[in-house]
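What follows is a set of notes on a single structure, which appears directly below.
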Amino acid sequence: WVDSLDEGQITYLQRLSVHAKILDNTAPTINHCTQETAQDCKLDTKVAFNTLYNLYLGKDKGPRLASLLSALGKEQIIAPLTSTLNHLG
């Protein structure tokens with residue numbers, strides 16, 4: 001799925017990777033950050049969330065994203081982002 005990401009999704013992941021490093025790991029903060037970053041990238045929220053579900057779960061949908069990411073913790077949020085962005089070059 002990584003190779004099928006469009007430029008908007010890649011930009012979203014790049015910007016989110018910067019923000020993810022400073023998240024306080026609460027679901028409301030994560031939710032705000034993911035939605036605000038999607039808006040900043042002019043990326044539809046549904047597309048943004050589908051991108052993250054694929055990144056973390058390998059599926060288009062899943063449980064509440066902010067709760068999932070909050071449960072994962074910072075390192076487990078950042079590692080897949082970094083790995084994916086490194087793969088994309």
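Letters A, B, ... go to the chains of the structure tokens in the order shown; residues in each chain start at 1; ligands are counted from 1 in the same order.
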Helix (DSSP H, G or I) call set, DSSP backbone run, chain A, as a PyMOL selection string: chain A and resi 2-4+7-20+27-40+45-57+65-72+74-88
Can those selected residues be exported to a file as a CSV table (one decimal), in the first residue's frame so that it contains C-alpha atoms?
chain,number,residue,atom,x,y,z
A,2,VAL,CA,2.9,2.3,0.6
A,3,ASP,CA,3.8,2.6,-3.1
A,4,SER,CA,0.2,3.6,-3.8
A,7,GLU,CA,1.6,13.2,-2.8
A,8,GLY,CA,-1.1,14.5,-0.4
A,9,GLN,CA,-0.9,11.4,1.8
A,10,ILE,CA,2.9,11.5,1.8
A,11,THR,CA,2.9,15.1,2.8
A,12,TYR,CA,0.4,14.3,5.6
A,13,LEU,CA,2.6,11.5,6.9
A,14,GLN,CA,5.7,13.8,6.8
A,15,ARG,CA,3.9,16.6,8.7
A,16,LEU,CA,2.4,14.2,11.2
A,17,SER,CA,5.7,12.6,11.9
A,18,VAL,CA,7.0,16.0,13.1
A,19,HIS,CA,3.9,16.5,15.2
A,20,ALA,CA,3.8,13.0,16.6
A,27,ALA,CA,-6.6,10.6,22.7
A,28,PRO,CA,-8.0,14.2,22.4
A,29,THR,CA,-4.6,15.6,21.6
A,30,ILE,CA,-3.9,12.9,19.0
A,31,ASN,CA,-7.3,13.4,17.5
A,32,HIS,CA,-6.8,17.1,17.2
A,33,CYS,CA,-3.3,16.7,15.7
A,34,THR,CA,-4.4,14.1,13.1
A,35,GLN,CA,-7.4,16.2,12.0
A,36,GLU,CA,-5.6,19.5,12.0
A,37,THR,CA,-2.7,18.1,10.0
A,38,ALA,CA,-5.1,16.7,7.5
A,39,GLN,CA,-6.7,20.1,7.1
A,40,ASP,CA,-3.3,21.8,6.8
A,45,THR,CA,-10.1,13.5,6.8
A,46,LYS,CA,-11.4,10.1,5.6
A,47,VAL,CA,-8.4,9.7,3.3
A,48,ALA,CA,-6.1,10.8,6.1
A,49,PHE,CA,-7.6,8.3,8.6
A,50,ASN,CA,-7.6,5.5,6.0
A,51,THR,CA,-3.9,6.2,5.5
A,52,LEU,CA,-3.2,5.9,9.2
A,53,TYR,CA,-5.3,2.8,9.6
A,54,ASN,CA,-3.3,1.1,6.8
A,55,LEU,CA,-0.1,2.3,8.4
A,56,TYR,CA,-0.8,0.9,11.8
A,57,LEU,CA,-3.3,-1.9,11.2
A,65,LEU,CA,-7.8,6.0,15.8
A,66,ALA,CA,-6.9,8.4,18.6
A,67,SER,CA,-7.6,5.8,21.2
A,68,LEU,CA,-5.6,3.2,19.3
A,69,LEU,CA,-2.6,5.6,18.9
A,70,SER,CA,-2.8,6.6,22.5
A,71,ALA,CA,-2.6,3.0,23.6
A,72,LEU,CA,0.4,2.4,21.3
A,74,LYS,CA,5.0,7.6,21.3
A,75,GLU,CA,7.7,5.2,20.1
A,76,GLN,CA,5.1,2.9,18.4
A,77,ILE,CA,3.5,5.9,16.7
A,78,ILE,CA,6.8,7.3,15.4
A,79,ALA,CA,8.5,4.1,14.3
A,80,PRO,CA,6.0,3.1,11.5
A,81,LEU,CA,5.9,6.7,10.3
A,82,THR,CA,9.7,6.9,10.1
A,83,SER,CA,9.9,3.5,8.4
A,84,THR,CA,7.3,4.3,5.8
A,85,LEU,CA,8.8,7.7,5.1
A,86,ASN,CA,12.3,6.1,4.8
A,87,HIS,CA,10.9,3.6,2.3
A,88,LEU,CA,9.4,6.4,0.2
